[in-house]
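**Q** See final-v1.cif below, with mmCIF, C-alpha atoms.
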```cif
data_model
#
loop_
_atom_site.label_atom_id
_atom_site.label_comp_id
_atom_site.auth_asym_id
_atom_site.auth_seq_id
_atom_site.Cartn_x
_atom_site.Cartn_y
_atom_site.Cartn_z
CA MET A 18 -10.85 15.10 39.85
CA LYS A 19 -13.23 12.40 38.71
CA LYS A 20 -13.50 13.97 35.25
CA TRP A 21 -9.70 13.77 34.74
CA THR A 22 -9.64 10.17 35.97
CA SER A 23 -12.29 9.26 33.40
CA ILE A 24 -10.35 10.98 30.62
CA LEU A 25 -7.11 9.22 31.60
CA LEU A 26 -8.88 5.87 31.78
CA LEU A 27 -10.41 6.44 28.35
CA LEU A 28 -6.97 7.35 26.97
CA PHE A 29 -5.45 4.21 28.50
CA VAL A 30 -8.22 2.00 27.05
CA SER A 31 -7.77 3.66 23.64
CA ILE A 32 -4.05 2.94 23.68
CA GLN A 33 -4.71 -0.68 24.64
CA LEU A 34 -7.30 -1.15 21.89
CA PHE A 35 -5.51 0.65 19.09
CA GLY A 36 -1.92 -0.18 19.88
CA ASN A 37 0.87 1.76 21.46
CA PRO A 38 4.43 2.67 20.58
CA GLU A 39 5.62 -0.66 21.99
CA ASP A 40 3.89 -2.39 19.05
CA GLU A 41 5.99 -0.38 16.60
CA VAL A 42 9.04 -1.89 14.91
CA LYS A 43 11.43 0.55 13.22
CA ALA A 44 12.74 0.02 9.68
CA GLN A 45 15.98 -1.93 9.57
CA PHE A 46 18.76 -2.66 7.10
CA PRO A 47 18.67 -6.36 6.16
CA GLY A 48 20.87 -8.12 8.71
CA GLY A 49 20.74 -5.24 11.21
CA ASN A 50 23.24 -2.58 12.18
CA THR A 51 26.27 -4.86 11.82
CA ALA A 52 25.34 -5.63 8.22
CA LEU A 53 24.68 -1.93 7.58
CA ALA A 54 28.12 -0.96 8.90
CA LYS A 55 29.73 -3.64 6.71
CA PHE A 56 27.78 -2.47 3.65
CA LEU A 57 28.81 1.14 4.20
CA ASP A 58 32.44 0.18 4.84
CA ASN A 59 32.62 -1.99 1.71
CA ASN A 60 30.90 0.47 -0.62
CA LEU A 61 32.17 3.91 0.38
CA LYS A 62 34.52 5.54 -2.11
CA TYR A 63 36.26 8.35 -0.25
CA PRO A 64 36.45 11.08 -2.91
CA GLU A 65 39.99 11.76 -4.12
CA GLU A 66 39.47 15.53 -3.97
CA ALA A 67 38.34 15.24 -0.33
CA GLN A 68 41.43 13.20 0.51
CA LYS A 69 43.74 15.75 -1.13
CA GLN A 70 42.02 18.64 0.65
CA LYS A 71 41.92 16.65 3.92
CA TRP A 72 38.18 17.10 4.18
CA ALA A 73 36.44 14.97 6.78
CA GLY A 74 33.22 15.10 8.75
CA THR A 75 29.81 13.58 9.14
CA THR A 76 27.03 13.95 6.60
CA LEU A 77 23.53 13.15 7.80
CA ILE A 78 21.35 11.56 5.15
CA GLY A 79 17.60 11.33 5.62
CA PHE A 80 15.38 8.99 3.67
CA THR A 81 12.04 7.21 3.79
CA VAL A 82 11.74 3.44 3.98
CA ASN A 83 8.45 2.64 2.25
CA GLU A 84 6.00 -0.12 3.13
CA ASP A 85 7.70 -2.45 0.63
CA GLY A 86 11.20 -1.70 1.99
CA SER A 87 12.22 0.51 -0.92
CA ILE A 88 14.04 3.76 -0.18
CA SER A 89 12.79 7.15 -1.38
CA ASN A 90 13.03 10.86 -0.59
CA ILE A 91 16.80 10.67 -0.08
CA ARG A 92 18.25 14.01 1.02
CA VAL A 93 21.09 15.65 2.90
CA VAL A 94 19.92 16.68 6.37
CA LYS A 95 23.29 17.99 7.57
CA SER A 96 26.00 18.87 5.07
CA THR A 97 29.78 18.70 5.38
CA LYS A 98 31.33 19.38 1.96
CA LEU A 99 29.46 18.98 -1.32
CA VAL A 100 31.79 16.25 -2.57
CA LEU A 101 31.31 14.26 0.66
CA ASP A 102 27.55 14.85 0.61
CA ASN A 103 27.39 13.57 -2.97
CA GLU A 104 29.25 10.39 -2.03
CA ALA A 105 26.94 9.84 0.94
CA LEU A 106 23.90 10.26 -1.33
CA ARG A 107 25.37 7.87 -3.90
CA LEU A 108 26.04 5.31 -1.21
CA VAL A 109 22.50 5.39 0.18
CA LYS A 110 21.04 5.14 -3.34
CA THR A 111 22.88 1.83 -3.81
CA MET A 112 21.41 0.22 -0.68
CA PRO A 113 19.20 -2.84 -1.02
CA LYS A 114 15.62 -2.79 0.20
CA TRP A 115 15.27 -2.50 3.96
CA THR A 116 12.97 -4.46 6.23
CA PRO A 117 10.07 -2.02 6.54
CA ALA A 118 8.76 -0.61 9.78
CA SER A 119 5.55 -2.03 11.13
CA GLN A 120 2.91 -1.18 13.66
CA ASN A 121 0.40 -3.71 14.94
CA GLY A 122 1.65 -6.13 12.27
CA ALA A 123 1.08 -3.81 9.30
CA ASN A 124 3.98 -2.36 7.30
CA LYS A 125 4.30 1.41 7.35
CA LYS A 126 6.61 4.15 6.12
CA ASP A 127 9.47 5.18 8.37
CA MET A 128 11.93 8.03 8.24
CA VAL A 129 15.59 7.21 8.82
CA ILE A 130 18.48 9.59 9.53
CA LEU A 131 21.79 7.90 8.76
CA PRO A 132 25.09 9.49 9.83
CA ILE A 133 27.93 8.82 7.40
CA ASN A 134 31.28 9.66 8.93
CA PHE A 135 34.15 10.45 6.59
CA ASP A 136 37.34 9.86 8.57
CA LEU A 137 40.69 10.39 6.81
CA SER A 138 42.59 8.39 9.40
CA LYS A 139 40.58 5.32 8.45
CA LYS A 140 39.51 6.26 4.89
CA ASN A 141 36.23 4.57 5.56
CA ILE A 142 32.98 5.27 7.29
CA MET A 143 31.52 4.32 10.60
CA TYR A 144 27.88 3.88 11.56
#
```
Could you express the structure from this file as structure tokens?
**A**
Amino acid sequence: MKKWTSILLLLFVSIQLFGNPEDEVKAQFPGGNTALAKFLDNNLKYPEEAQKQKWAGTTLIGFTVNEDGSISNIRVVKSTKLVLDNEALRLVKTMPKWTPASQNGANKKDMVILPINFDLSKKNIMY
């Protein structure tokens, strides 16, 4: 049992010296989630074809927030309809730089999955 206690103590000391998940700050849209929801609501253009066909659903868009806050590697993680996916991609591509993630005070890349809900009853999106 002493061997396991030593290993656990070493692991604990390593976490304390080199940081732990509590020191990590996730990437964030400038102004937070409220500002993100407002941005999405103000910039979504519900495709006319989707409205006519009564297509709705949630597209999941994945992207990387780089160390400088820029967005890259934008992709559809979960598809609804191609026309809705394309609008979701367009919308994310128009976003401003995000506040980058950080760990122990240093900026780092972070992956974000953003659900974009196309709702015909509201003709807007919700975050």
**Q** Could you list the residues chosen by the PyMOL selection byres ((chain A and resi 75) around 6) in this structure as a PyMOL selection string?
**A** chain A and resi 74+76+133-135
**Q** Could you list the residues chosen by the PyMOL selection byres ((chain A and resi 122) around 9) in this structure as a list in words?
**A** Asp40, Glu41, Val42, Ser119, Gln120, Asn121, Ala123 and Asn124 of chain A
**Q** Please determine, counting all atoms listed in the file, which residue among A:Leu101, A:Ala118, A:Val109, A:Ala52 has the shortest atom-to-atom distance to A:Ile78.
**A**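 Smallest distance to A:Ile78 is found for A:Val109.
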**Q** Any idea what the distance is between atom CA of A:Leu137 and atom CA of A:Phe46?
**A** 25.5 Å
**Q** Just give me the gap between atom CA of A:Val93 and atom CA of A:Ala105 in Å, one decimal is fine.
**A**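 Separation between atom CA of A:Val93 and atom CA of A:Ala105: 8.5 Å.
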**Q** Find the residues around A:Lys110 up to 9 Å (all atoms listed in the file counted), leave out those fewer than 2 positions away in its own chain, and share them as a count of residues only.
**A** 9
**Q** Given the file shown, enumerate the residues that the PyMOL selection byres ((chain A and resi 61) around 9) captures and present them as a PyMOL selection string.
**A** chain A and resi 56-60+62-64+104-105+107-108+140-142
**Q** Skipping near chain neighbours, those fewer than 4 positions away, what residues fall within 8 Å of A:Trp72 using all atoms listed in the file, listed as number ranges by chain?
**A** A: 67-68, 98, 137
**Q** For the atom pair atom CA of A:Lys114 and atom CA of A:Leu99, what is the interatomic distance in Å to one decimal place?
**A**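 Straight-line distance from atom CA of A:Lys114 to atom CA of A:Leu99 works out to 25.8 Å.
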**Q** Report as number ranges by chain all protein, DNA and RNA residues lying within 12 Å of A:Met128, evaluated on all atoms listed in the file, omitting residues in the same chain fewer than 4 positions from it.
**A** A: 43-45, 78-84, 86-92, 94, 115, 117-118
